[in-house]
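S.K.: File follows, query.cif with mmCIF, C-alpha atoms and all ligand atoms:
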```cif
data_model
loop_
_atom_site.group_PDB
_atom_site.id
_atom_site.type_symbol
_atom_site.label_atom_id
_atom_site.label_comp_id
_atom_site.auth_asym_id
_atom_site.auth_seq_id
_atom_site.Cartn_x
_atom_site.Cartn_y
_atom_site.Cartn_z
ATOM 1 C CA MET A 1 6.531 -20.133 17.514
ATOM 2 C CA GLY A 2 6.787 -18.726 21.006
ATOM 3 C CA GLY A 3 4.685 -16.020 22.600
ATOM 4 C CA THR A 4 7.084 -13.292 21.546
ATOM 5 C CA GLY A 5 6.473 -13.159 17.791
ATOM 6 C CA VAL A 6 4.286 -10.768 15.929
ATOM 7 C CA ILE A 7 0.619 -11.643 15.320
ATOM 8 C CA ASP A 8 -0.713 -10.071 12.089
ATOM 9 C CA LEU A 9 -4.210 -11.217 11.125
ATOM 10 C CA HIS A 10 -4.759 -9.496 7.744
ATOM 11 C CA SER A 11 -2.925 -9.841 4.415
ATOM 12 C CA HIS A 12 -3.530 -10.509 0.715
ATOM 13 C CA SER A 13 -1.946 -12.603 -2.043
ATOM 14 C CA LEU A 14 -2.283 -13.042 -5.801
ATOM 15 C CA ALA A 15 -5.413 -15.111 -5.096
ATOM 16 C CA SER A 16 -7.103 -11.685 -4.873
ATOM 17 C CA ASP A 17 -5.421 -8.291 -5.323
ATOM 18 C CA GLY A 18 -2.060 -8.854 -3.633
ATOM 19 C CA GLN A 19 1.313 -8.747 -5.349
ATOM 20 C CA PHE A 20 2.812 -12.070 -4.197
ATOM 21 C CA THR A 21 1.935 -15.767 -4.209
ATOM 22 C CA PRO A 22 0.714 -17.210 -0.898
ATOM 23 C CA ALA A 23 4.095 -18.939 -0.440
ATOM 24 C CA GLU A 24 5.926 -15.649 -0.978
ATOM 25 C CA VAL A 25 3.704 -13.917 1.575
ATOM 26 C CA ALA A 26 4.465 -16.734 4.048
ATOM 27 C CA ALA A 27 8.207 -16.217 3.559
ATOM 28 C CA ARG A 28 7.776 -12.472 4.017
ATOM 29 C CA ALA A 29 5.700 -13.021 7.163
ATOM 30 C CA ARG A 30 8.528 -15.114 8.569
ATOM 31 C CA ALA A 31 11.110 -12.468 7.628
ATOM 32 C CA ALA A 32 8.943 -9.808 9.302
ATOM 33 C CA GLY A 33 9.027 -11.747 12.573
ATOM 34 C CA CYS A 34 5.493 -13.088 12.474
ATOM 35 C CA ALA A 35 4.765 -16.069 14.714
ATOM 36 C CA VAL A 36 1.133 -16.020 13.567
ATOM 37 C CA TRP A 37 -0.110 -14.660 10.259
ATOM 38 C CA ALA A 38 -3.501 -14.706 8.533
ATOM 39 C CA LEU A 39 -4.085 -14.673 4.784
ATOM 40 C CA CYS A 40 -7.463 -13.012 4.104
ATOM 41 C CA ASP A 41 -7.925 -12.703 0.358
ATOM 42 C CA HIS A 42 -11.002 -10.843 -0.900
ATOM 43 C CA ASP A 43 -13.926 -13.233 -1.420
ATOM 44 C CA THR A 44 -11.762 -16.352 -1.787
ATOM 45 C CA VAL A 45 -9.998 -19.112 0.159
ATOM 46 C CA ALA A 46 -8.168 -20.328 -2.967
ATOM 47 C CA GLY A 47 -4.722 -19.334 -1.631
ATOM 48 C CA LEU A 48 -5.023 -21.012 1.751
ATOM 49 C CA GLU A 49 -3.755 -24.476 0.914
ATOM 50 C CA ALA A 50 -0.498 -23.172 -0.594
ATOM 51 C CA ALA A 51 -0.235 -20.687 2.282
ATOM 52 C CA GLY A 52 -0.576 -23.469 4.853
ATOM 53 C CA ASP A 53 2.093 -25.631 3.198
ATOM 54 C CA ALA A 54 4.506 -22.711 2.984
ATOM 55 C CA ALA A 55 3.789 -21.578 6.557
ATOM 56 C CA ARG A 56 4.665 -25.027 7.912
ATOM 57 C CA GLY A 57 7.936 -24.875 5.981
ATOM 58 C CA VAL A 58 8.993 -21.620 7.615
ATOM 59 C CA ASN A 59 7.587 -22.348 11.078
ATOM 60 C CA VAL A 60 4.888 -19.682 11.046
ATOM 61 C CA ARG A 61 1.348 -20.446 12.204
ATOM 62 C CA LEU A 62 -1.175 -19.675 9.456
ATOM 63 C CA VAL A 63 -4.643 -18.586 10.522
ATOM 64 C CA PRO A 64 -6.784 -19.362 7.452
ATOM 65 C CA GLY A 65 -8.890 -16.353 6.599
ATOM 66 C CA ILE A 66 -11.051 -14.475 4.102
ATOM 67 C CA GLU A 67 -12.139 -10.836 3.663
ATOM 68 C CA LEU A 68 -15.734 -10.329 2.543
ATOM 69 C CA SER A 69 -17.167 -7.067 1.256
ATOM 70 C CA ALA A 70 -20.682 -6.725 2.639
ATOM 71 C CA PHE A 71 -23.424 -4.209 3.140
ATOM 72 C CA LEU A 72 -24.952 -2.957 6.364
ATOM 73 C CA GLU A 73 -27.946 -1.129 4.943
ATOM 74 C CA ARG A 74 -26.424 1.545 2.614
ATOM 75 C CA HIS A 75 -22.966 1.243 4.077
ATOM 76 C CA GLU A 76 -20.306 -0.956 2.481
ATOM 77 C CA ILE A 77 -18.141 -2.647 5.092
ATOM 78 C CA HIS A 78 -15.458 -5.341 5.101
ATOM 79 C CA LEU A 79 -15.629 -8.386 7.370
ATOM 80 C CA LEU A 80 -12.755 -10.720 8.142
ATOM 81 C CA GLY A 81 -13.287 -14.431 8.695
ATOM 82 C CA HIS A 82 -10.549 -16.227 10.655
ATOM 83 C CA PHE A 83 -10.066 -19.961 11.339
ATOM 84 C CA VAL A 84 -12.284 -20.831 8.380
ATOM 85 C CA ASP A 85 -12.141 -24.351 6.951
ATOM 86 C CA PRO A 86 -10.868 -23.869 3.366
ATOM 87 C CA ARG A 87 -12.556 -27.121 2.342
ATOM 88 C CA SER A 88 -16.003 -26.100 3.586
ATOM 89 C CA PRO A 89 -18.394 -26.950 0.713
ATOM 90 C CA SER A 90 -20.752 -24.062 1.506
ATOM 91 C CA LEU A 91 -17.855 -21.597 1.464
ATOM 92 C CA ARG A 92 -16.464 -23.037 -1.780
ATOM 93 C CA ASP A 93 -19.869 -22.855 -3.454
ATOM 94 C CA PHE A 94 -20.416 -19.311 -2.337
ATOM 95 C CA GLU A 95 -16.961 -18.295 -3.493
ATOM 96 C CA ASP A 96 -17.748 -19.672 -6.976
ATOM 97 C CA PHE A 97 -21.003 -17.728 -6.960
ATOM 98 C CA LEU A 98 -19.228 -14.477 -6.015
ATOM 99 C CA ALA A 99 -16.519 -15.043 -8.652
ATOM 100 C CA ALA A 100 -19.227 -15.462 -11.319
ATOM 101 C CA ARG A 101 -20.915 -12.222 -10.178
ATOM 102 C CA ARG A 102 -17.546 -10.417 -10.345
ATOM 103 C CA ARG A 103 -17.008 -11.672 -13.907
ATOM 104 C CA GLU A 104 -20.409 -10.355 -15.009
ATOM 105 C CA ARG A 105 -19.604 -7.053 -13.357
ATOM 106 C CA MET A 106 -16.270 -6.879 -15.166
ATOM 107 C CA LYS A 107 -17.993 -7.300 -18.553
ATOM 108 C CA GLU A 108 -20.330 -4.434 -17.695
ATOM 109 C CA ILE A 109 -17.395 -2.249 -16.602
ATOM 110 C CA VAL A 110 -15.585 -2.975 -19.899
ATOM 111 C CA VAL A 111 -18.699 -1.897 -21.854
ATOM 112 C CA ARG A 112 -19.037 1.311 -19.849
ATOM 113 C CA LEU A 113 -15.349 2.109 -20.210
ATOM 114 C CA ALA A 114 -15.646 1.732 -23.993
ATOM 115 C CA ALA A 115 -18.599 4.133 -23.962
ATOM 116 C CA ALA A 116 -16.349 6.587 -22.098
ATOM 117 C CA GLY A 117 -13.647 6.153 -24.736
ATOM 118 C CA VAL A 118 -11.366 3.836 -22.754
ATOM 119 C CA HIS A 119 -10.593 0.566 -24.470
ATOM 120 C CA VAL A 120 -9.468 -2.352 -22.320
ATOM 121 C CA THR A 121 -10.122 -6.023 -22.992
ATOM 122 C CA GLU A 122 -11.239 -8.699 -20.579
ATOM 123 C CA ALA A 123 -8.038 -10.556 -21.467
ATOM 124 C CA ALA A 124 -5.945 -7.576 -20.344
ATOM 125 C CA ILE A 125 -7.824 -7.456 -17.033
ATOM 126 C CA GLU A 126 -7.319 -11.217 -16.572
ATOM 127 C CA ARG A 127 -3.583 -10.741 -17.017
ATOM 128 C CA HIS A 128 -3.543 -8.350 -14.079
ATOM 129 C CA SER A 129 -5.477 -10.710 -11.830
ATOM 130 C CA GLY A 130 -3.552 -13.764 -10.761
ATOM 131 C CA GLY A 131 -6.452 -15.510 -9.172
ATOM 132 C CA LYS A 132 -10.100 -16.019 -8.632
ATOM 133 C CA THR A 133 -11.200 -12.630 -7.383
ATOM 134 C CA ILE A 134 -11.303 -10.083 -10.200
ATOM 135 C CA GLY A 135 -11.707 -6.584 -8.851
ATOM 136 C CA ARG A 136 -11.489 -2.963 -9.792
ATOM 137 C CA PRO A 137 -7.761 -2.785 -8.871
ATOM 138 C CA HIS A 138 -7.078 -5.189 -11.762
ATOM 139 C CA VAL A 139 -9.217 -3.114 -14.140
ATOM 140 C CA ALA A 140 -7.397 0.010 -12.956
ATOM 141 C CA ARG A 141 -4.029 -1.549 -13.836
ATOM 142 C CA ALA A 142 -5.359 -2.464 -17.300
ATOM 143 C CA ILE A 143 -6.530 1.136 -17.809
ATOM 144 C CA VAL A 144 -3.078 2.429 -16.839
ATOM 145 C CA GLU A 145 -1.556 -0.037 -19.296
ATOM 146 C CA SER A 146 -3.862 1.253 -22.057
ATOM 147 C CA GLY A 147 -2.339 4.686 -21.580
ATOM 148 C CA ALA A 148 -5.666 6.392 -20.790
ATOM 149 C CA VAL A 149 -4.488 7.378 -17.292
ATOM 150 C CA ALA A 150 -1.128 7.569 -15.534
ATOM 151 C CA THR A 151 -1.954 5.951 -12.195
ATOM 152 C CA VAL A 152 -4.339 3.492 -10.541
ATOM 153 C CA LYS A 153 -5.639 6.348 -8.434
ATOM 154 C CA GLU A 154 -6.487 8.365 -11.550
ATOM 155 C CA ALA A 155 -8.304 5.328 -12.983
ATOM 156 C CA PHE A 156 -10.527 5.261 -9.860
ATOM 157 C CA ASP A 157 -10.958 9.030 -9.717
ATOM 158 C CA ARG A 158 -12.023 9.353 -13.352
ATOM 159 C CA PHE A 159 -13.700 6.036 -14.207
ATOM 160 C CA LEU A 160 -14.053 3.305 -11.576
ATOM 161 C CA GLY A 161 -14.946 5.070 -8.356
ATOM 162 C CA GLU A 162 -18.485 5.479 -7.075
ATOM 163 C CA GLY A 163 -20.299 8.097 -9.165
ATOM 164 C CA GLN A 164 -17.854 7.769 -12.090
ATOM 165 C CA PRO A 165 -18.938 6.598 -15.578
ATOM 166 C CA ALA A 166 -17.674 3.004 -15.332
ATOM 167 C CA TYR A 167 -18.751 2.401 -11.739
ATOM 168 C CA VAL A 168 -20.756 -0.809 -11.351
ATOM 169 C CA GLN A 169 -21.833 -1.972 -7.929
ATOM 170 C CA ARG A 170 -20.666 -5.326 -6.647
ATOM 171 C CA TYR A 171 -23.033 -8.150 -5.787
ATOM 172 C CA ARG A 172 -24.834 -7.056 -2.660
ATOM 173 C CA LEU A 173 -23.906 -9.450 0.162
ATOM 174 C CA GLU A 174 -25.756 -8.603 3.362
ATOM 175 C CA ALA A 175 -23.596 -8.429 6.487
ATOM 176 C CA ALA A 176 -25.838 -10.964 8.239
ATOM 177 C CA ASP A 177 -25.364 -13.417 5.354
ATOM 178 C CA ALA A 178 -21.588 -12.908 5.413
ATOM 179 C CA VAL A 179 -21.599 -13.690 9.152
ATOM 180 C CA ALA A 180 -23.630 -16.866 8.576
ATOM 181 C CA LEU A 181 -21.320 -17.948 5.764
ATOM 182 C CA VAL A 182 -18.132 -17.596 7.824
ATOM 183 C CA ARG A 183 -19.652 -19.168 10.920
ATOM 184 C CA GLY A 184 -20.918 -22.048 8.795
ATOM 185 C CA ALA A 185 -17.311 -22.673 7.753
ATOM 186 C CA GLY A 186 -16.191 -22.715 11.402
ATOM 187 C CA GLY A 187 -14.766 -19.207 11.431
ATOM 188 C CA THR A 188 -14.944 -16.125 13.634
ATOM 189 C CA VAL A 189 -16.116 -12.806 12.173
ATOM 190 C CA THR A 190 -14.271 -9.552 12.821
ATOM 191 C CA ILE A 191 -14.927 -6.035 11.513
ATOM 192 C CA ALA A 192 -12.041 -5.054 9.194
ATOM 193 C CA HIS A 193 -10.559 -1.515 9.438
ATOM 194 C CA PRO A 194 -13.634 0.144 11.064
ATOM 195 C CA GLY A 195 -12.018 3.582 10.838
ATOM 196 C CA VAL A 196 -11.339 3.266 7.107
ATOM 197 C CA SER A 197 -14.993 2.236 6.657
ATOM 198 C CA ARG A 198 -16.079 5.092 8.974
ATOM 199 C CA LEU A 199 -18.268 2.803 11.059
ATOM 200 C CA GLU A 200 -20.436 4.468 13.643
ATOM 201 C CA ILE A 201 -20.568 3.046 17.148
ATOM 202 C CA GLY A 202 -24.226 2.116 16.625
ATOM 203 C CA GLU A 203 -23.203 0.035 13.627
ATOM 204 C CA VAL A 204 -20.527 -1.717 15.677
ATOM 205 C CA ALA A 205 -23.223 -2.547 18.231
ATOM 206 C CA ARG A 206 -25.517 -3.956 15.550
ATOM 207 C CA LEU A 207 -22.759 -6.113 14.109
ATOM 208 C CA ALA A 208 -21.885 -7.405 17.589
ATOM 209 C CA ALA A 209 -25.525 -8.399 18.025
ATOM 210 C CA ALA A 210 -25.407 -10.143 14.628
ATOM 211 C CA GLY A 211 -22.588 -12.496 15.636
ATOM 212 C CA VAL A 212 -19.428 -10.465 15.009
ATOM 213 C CA VAL A 213 -16.884 -11.222 17.771
ATOM 214 C CA GLY A 214 -13.895 -9.001 16.979
ATOM 215 C CA ILE A 215 -12.841 -5.627 15.611
ATOM 216 C CA GLU A 216 -9.610 -4.645 13.848
ATOM 217 C CA VAL A 217 -8.561 -1.814 16.109
ATOM 218 C CA LEU A 218 -4.915 -1.877 14.983
ATOM 219 C CA HIS A 219 -4.643 -1.140 11.250
ATOM 220 C CA PRO A 220 -2.015 1.022 9.484
ATOM 221 C CA ASP A 221 -4.642 3.488 8.201
ATOM 222 C CA GLN A 222 -6.127 4.137 11.673
ATOM 223 C CA ASN A 223 -4.434 6.759 13.845
ATOM 224 C CA PRO A 224 -4.230 6.590 17.663
ATOM 225 C CA SER A 225 -7.455 8.511 18.259
ATOM 226 C CA VAL A 226 -9.383 6.311 15.817
ATOM 227 C CA ARG A 227 -7.937 3.222 17.519
ATOM 228 C CA GLU A 228 -8.976 4.551 20.923
ATOM 229 C CA LYS A 229 -12.531 5.203 19.699
ATOM 230 C CA TYR A 230 -12.965 1.601 18.504
ATOM 231 C CA ARG A 231 -11.111 0.149 21.484
ATOM 232 C CA ARG A 232 -13.809 1.705 23.675
ATOM 233 C CA ALA A 233 -16.528 0.350 21.376
ATOM 234 C CA ALA A 234 -14.938 -3.107 21.628
ATOM 235 C CA GLU A 235 -14.989 -2.898 25.404
ATOM 236 C CA ALA A 236 -18.618 -1.766 25.450
ATOM 237 C CA HIS A 237 -19.769 -4.595 23.169
ATOM 238 C CA GLY A 238 -17.486 -7.423 24.289
ATOM 239 C CA LEU A 239 -15.457 -7.605 21.076
ATOM 240 C CA VAL A 240 -11.887 -8.907 20.790
ATOM 241 C CA CYS A 241 -9.408 -6.264 19.559
ATOM 242 C CA THR A 242 -7.396 -7.565 16.610
ATOM 243 C CA ALA A 243 -4.485 -6.265 14.525
ATOM 244 C CA GLY A 244 -3.888 -6.523 10.790
ATOM 245 C CA SER A 245 -1.419 -4.854 8.424
ATOM 246 C CA ASP A 246 -3.678 -5.367 5.366
ATOM 247 C CA PHE A 247 -0.468 -6.082 3.435
ATOM 248 C CA HIS A 248 -0.885 -6.329 -0.366
ATOM 249 C CA GLY A 249 2.762 -5.867 -1.414
ATOM 250 C CA PRO A 250 4.935 -2.745 -1.827
ATOM 251 C CA ASP A 251 3.765 -1.953 -5.374
ATOM 252 C CA ILE A 252 0.096 -1.972 -4.306
ATOM 253 C CA SER A 253 0.041 -0.776 -0.689
ATOM 254 C CA PRO A 254 3.484 0.773 -0.067
ATOM 255 C CA ASP A 255 2.633 1.978 3.444
ATOM 256 C CA ARG A 256 1.469 -1.366 4.792
ATOM 257 C CA HIS A 257 4.208 -3.754 5.894
ATOM 258 C CA LEU A 258 3.637 -7.259 7.202
ATOM 259 C CA GLY A 259 3.897 -7.309 10.974
ATOM 260 C CA MET A 260 3.723 -3.521 11.373
ATOM 261 C CA VAL A 261 0.840 -4.026 13.806
ATOM 262 C CA SER A 262 0.513 -6.913 16.231
ATOM 263 C CA MET A 263 -2.069 -8.173 18.699
ATOM 264 C CA THR A 264 -1.461 -10.028 21.947
ATOM 265 C CA PRO A 265 -1.410 -13.836 22.211
ATOM 266 C CA GLU A 266 -4.141 -13.466 24.849
ATOM 267 C CA ALA A 267 -6.444 -11.665 22.411
ATOM 268 C CA LEU A 268 -5.715 -14.297 19.754
ATOM 269 C CA GLY A 269 -6.598 -17.039 22.243
ATOM 270 C CA GLU A 270 -9.823 -15.233 23.094
ATOM 271 C CA LEU A 271 -10.731 -14.909 19.408
ATOM 272 C CA GLU A 272 -10.075 -18.615 18.924
ATOM 273 C CA ARG A 273 -12.286 -19.515 21.870
ATOM 274 C CA ARG A 274 -15.146 -17.704 20.146
ATOM 275 C CA ARG A 275 -15.160 -20.011 17.160
ATOM 276 C CA PRO A 276 -18.700 -21.281 16.596
HETATM 277 P P1 LIG B 1 -13.858 -4.115 -5.798
HETATM 278 O O1 LIG B 1 -13.878 -5.161 -4.732
HETATM 279 O O2 LIG B 1 -13.689 -4.708 -7.166
HETATM 280 O O3 LIG B 1 -15.013 -3.165 -5.711
HETATM 281 O O4 LIG B 1 -12.532 -3.236 -5.555
HETATM 282 C C1 LIG B 1 -12.362 -2.622 -4.292
HETATM 283 C C2 LIG B 1 -10.899 -2.349 -4.061
HETATM 284 O O5 LIG B 1 -10.478 -1.318 -4.936
HETATM 285 C C3 LIG B 1 -10.601 -1.849 -2.675
HETATM 286 O O6 LIG B 1 -10.340 -2.911 -1.772
HETATM 287 C C4 LIG B 1 -9.353 -1.024 -2.882
HETATM 288 O O7 LIG B 1 -8.215 -1.852 -2.809
HETATM 289 C C5 LIG B 1 -9.478 -0.538 -4.290
HETATM 290 N N1 LIG B 1 -9.900 0.857 -4.349
HETATM 291 C C6 LIG B 1 -11.118 1.380 -4.098
HETATM 292 N N2 LIG B 1 -11.150 2.717 -4.288
HETATM 293 C C7 LIG B 1 -9.874 3.073 -4.670
HETATM 294 C C8 LIG B 1 -9.231 4.312 -5.022
HETATM 295 N N3 LIG B 1 -9.892 5.481 -5.015
HETATM 296 N N4 LIG B 1 -7.909 4.276 -5.364
HETATM 297 C C9 LIG B 1 -7.246 3.116 -5.383
HETATM 298 N N5 LIG B 1 -7.776 1.921 -5.050
HETATM 299 C C10 LIG B 1 -9.073 1.885 -4.699
HETATM 300 MN MN MN B 2 -7.444 -5.235 -1.484
HETATM 301 MN MN MN B 3 -10.716 -4.152 3.240
HETATM 302 MN MN MN B 4 -7.804 -6.252 3.149
#
```
Is it possible to express this structure as structure tokens?
Ligand code: AMP
Ligand code: MN
Ligand code: MN
Ligand code: MN

M.R.:
Amino acid sequence: MGGTGVIDLHSHSLASDGQFTPAEVAARARAAGCAVWALCDHDTVAGLEAAGDAARGVNVRLVPGIELSAFLERHEIHLLGHFVDPRSPSLRDFEDFLAARRRERMKEIVVRLAAAGVHVTEAAIERHSGGKTIGRPHVARAIVESGAVATVKEAFDRFLGEGQPAYVQRYRLEAADAVALVRGAGGTVTIAHPGVSRLEIGEVARLAAAGVVGIEVLHPDQNPSVREKYRRAAEAHGLVCTAGSDFHGPDISPDRHLGMVSMTPEALGELERRRP
């Protein structure tokens, strides 16, 4: 685990909407040349114990993480927690709360789909979700399986996306509450893929003031000019620039490979020094 390996701070497993088990992602991180790798499943830390065991076995350093969907006023954003304690009782409790809200939402989506003539069962959705976090990607796969649409994208475009007949909003977690939650579990908070979320510089400034310490400048879906824009924002607001591939697995995110972006060991050290 020298200073030469890749540092990729964003990936997903079957604990949320990824394709592989945490142990499989660890093996793939190793194969991709990662010295340091973070697993950041949506709304859950359930995969972190298995990820840590597997990472030790392949001599990769796991940074335990989570990705939280949150709201900054009307704007939905994603925040990454790194260095969180997976055994934190407050985090575990909150994760159970979010999972229960997601289950209620799923029931509502199933009802609305039926009203739109698409028949999928909760059991079918469960089969597509390996873990704790049930999300629209799992519903989309169940809709494809039902034969109503040909692709996951079509399922979002016609039914699940905002403004479509089976769209149901997620539980509304305020960004400030997400920050408090992660910090309470000993973690640092970073803005995930700011370009994908189309964050304005003023919003970056507000998040920095609210306790966010880093920003994911290097992400596969952000081109060089987008990266440069947020790199300048990071400099202006004293944020650490991080890198994350947002890997989900080739069947789910074919253009995002583990280790395709990497941050410096110095930036990682700086992020770690900003733990609460
Ligand atoms: P949820 O957390 O249940 O609202 O699901 C959000 C996830 O759905 C996002 O992280 C994306 O992975 C996926 N998603 C959102 N919109 C689309 C879309 N138009 N096509 C495919 N996947 C999407
Ligand atoms: Mn995802
Ligand atoms: Mn995200
Ligand atoms: Mn992600």

S.K.: Kindly resolve the PyMOL selection byres (((not hetatm)) within 8 of (chain B and resi 2)) on the present coordinates and return the residues as a list of chain:residue names.

M.R.: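 After applying the PyMOL selection byres (((not hetatm)) within 8 of (chain B and resi 2)), what remains is A:His12, A:Ser16, A:Asp17, A:Gly18, A:Asp41, A:His42, A:Pro137, A:Asp246, A:His248.
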
S.K.: Go through A:Val63, A:Val144, A:Ile191, A:Ala176 one by one, measure the shortest atom-to-atom distance of each to Leu268 in chain A using all atoms listed in the file, and give the residue with the smallest value.

M.R.: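 Ranked by minimum distance to Leu268 in chain A, first place goes to A:Val63.
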
S.K.: Within 10 Å of ligand MN 3 (chain B), counting all atoms listed in the file, which protein or nucleic acid residues do you find, written as a PDB file with C-alpha atoms, keeping the file's coordinate frame?

M.R.:
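The result, stored in out_0.pdb:
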```pdb
ATOM      1  CA  HIS A  10      -4.759  -9.496   7.744  1.00  0.00           C
ATOM      2  CA  SER A  11      -2.925  -9.841   4.415  1.00  0.00           C
ATOM      3  CA  HIS A  12      -3.530 -10.509   0.715  1.00  0.00           C
ATOM      4  CA  CYS A  40      -7.463 -13.012   4.104  1.00  0.00           C
ATOM      5  CA  ASP A  41      -7.925 -12.703   0.358  1.00  0.00           C
ATOM      6  CA  HIS A  42     -11.002 -10.843  -0.900  1.00  0.00           C
ATOM      7  CA  GLU A  67     -12.139 -10.836   3.663  1.00  0.00           C
ATOM      8  CA  LEU A  68     -15.734 -10.329   2.543  1.00  0.00           C
ATOM      9  CA  SER A  69     -17.167  -7.067   1.256  1.00  0.00           C
ATOM     10  CA  ILE A  77     -18.141  -2.647   5.092  1.00  0.00           C
ATOM     11  CA  HIS A  78     -15.458  -5.341   5.101  1.00  0.00           C
ATOM     12  CA  LEU A  79     -15.629  -8.386   7.370  1.00  0.00           C
ATOM     13  CA  LEU A  80     -12.755 -10.720   8.142  1.00  0.00           C
ATOM     14  CA  ILE A 191     -14.927  -6.035  11.513  1.00  0.00           C
ATOM     15  CA  ALA A 192     -12.041  -5.054   9.194  1.00  0.00           C
ATOM     16  CA  HIS A 193     -10.559  -1.515   9.438  1.00  0.00           C
ATOM     17  CA  PRO A 194     -13.634   0.144  11.064  1.00  0.00           C
ATOM     18  CA  VAL A 196     -11.339   3.266   7.107  1.00  0.00           C
ATOM     19  CA  SER A 197     -14.993   2.236   6.657  1.00  0.00           C
ATOM     20  CA  ASP A 246      -3.678  -5.367   5.366  1.00  0.00           C
TER      21      ASP A 246
END
```

S.K.: Take the PyMOL selection byres (((not hetatm)) within 8 of (chain B and resi 1)), apply it to the structure above, and return the hits as number ranges by chain.

M.R.: A: 17, 42, 69, 102, 134-137, 152-157, 160-161, 169-170

S.K.: For CA of Arg61 in chain A and CA of Ala26 in chain A, quote the distance in Å rounded to one decimal.

M.R.: 9.5 Å

S.K.: Could you write range 195-206 of chain A as a short mmCIF file (atom, residue, chain, number, x, y, z; two decimals), in the frame of the given file, with N, CA, C and O atoms rebuilt where they are missing?

M.R.:
```cif
data_model
loop_
_atom_site.label_atom_id
_atom_site.label_comp_id
_atom_site.auth_asym_id
_atom_site.auth_seq_id
_atom_site.Cartn_x
_atom_site.Cartn_y
_atom_site.Cartn_z
N GLY A 195 -12.26 2.16 11.05
CA GLY A 195 -12.02 3.58 10.84
C GLY A 195 -11.99 3.93 9.36
O GLY A 195 -12.52 4.96 8.94
N VAL A 196 -11.38 3.05 8.56
CA VAL A 196 -11.34 3.27 7.11
C VAL A 196 -12.77 3.25 6.56
O VAL A 196 -13.13 4.05 5.70
N SER A 197 -13.60 2.35 7.10
CA SER A 197 -14.99 2.24 6.66
C SER A 197 -15.89 3.27 7.33
O SER A 197 -17.08 3.32 7.04
N ARG A 198 -15.34 4.06 8.24
CA ARG A 198 -16.08 5.09 8.97
C ARG A 198 -17.33 4.52 9.66
O ARG A 198 -18.43 5.06 9.53
N LEU A 199 -17.13 3.42 10.36
CA LEU A 199 -18.27 2.80 11.06
C LEU A 199 -18.66 3.63 12.27
O LEU A 199 -17.80 4.08 13.03
N GLU A 200 -19.94 3.80 12.45
CA GLU A 200 -20.44 4.47 13.64
C GLU A 200 -20.54 3.44 14.77
O GLU A 200 -20.67 2.24 14.51
N ILE A 201 -20.54 3.96 16.00
CA ILE A 201 -20.57 3.05 17.15
C ILE A 201 -21.86 2.23 17.15
O ILE A 201 -21.87 1.06 17.50
N GLY A 202 -22.96 2.85 16.71
CA GLY A 202 -24.23 2.12 16.62
C GLY A 202 -24.15 0.95 15.66
O GLY A 202 -24.76 -0.11 15.88
N GLU A 203 -23.37 1.12 14.59
CA GLU A 203 -23.20 0.04 13.63
C GLU A 203 -22.35 -1.09 14.22
O GLU A 203 -22.62 -2.27 13.99
N VAL A 204 -21.34 -0.71 15.00
CA VAL A 204 -20.53 -1.72 15.68
C VAL A 204 -21.43 -2.54 16.60
O VAL A 204 -21.36 -3.77 16.64
N ALA A 205 -22.31 -1.86 17.31
CA ALA A 205 -23.22 -2.55 18.23
C ALA A 205 -24.13 -3.52 17.48
O ALA A 205 -24.36 -4.65 17.92
N ARG A 206 -24.62 -3.08 16.32
CA ARG A 206 -25.52 -3.96 15.55
C ARG A 206 -24.78 -5.18 15.02
O ARG A 206 -25.32 -6.28 14.99
#
```
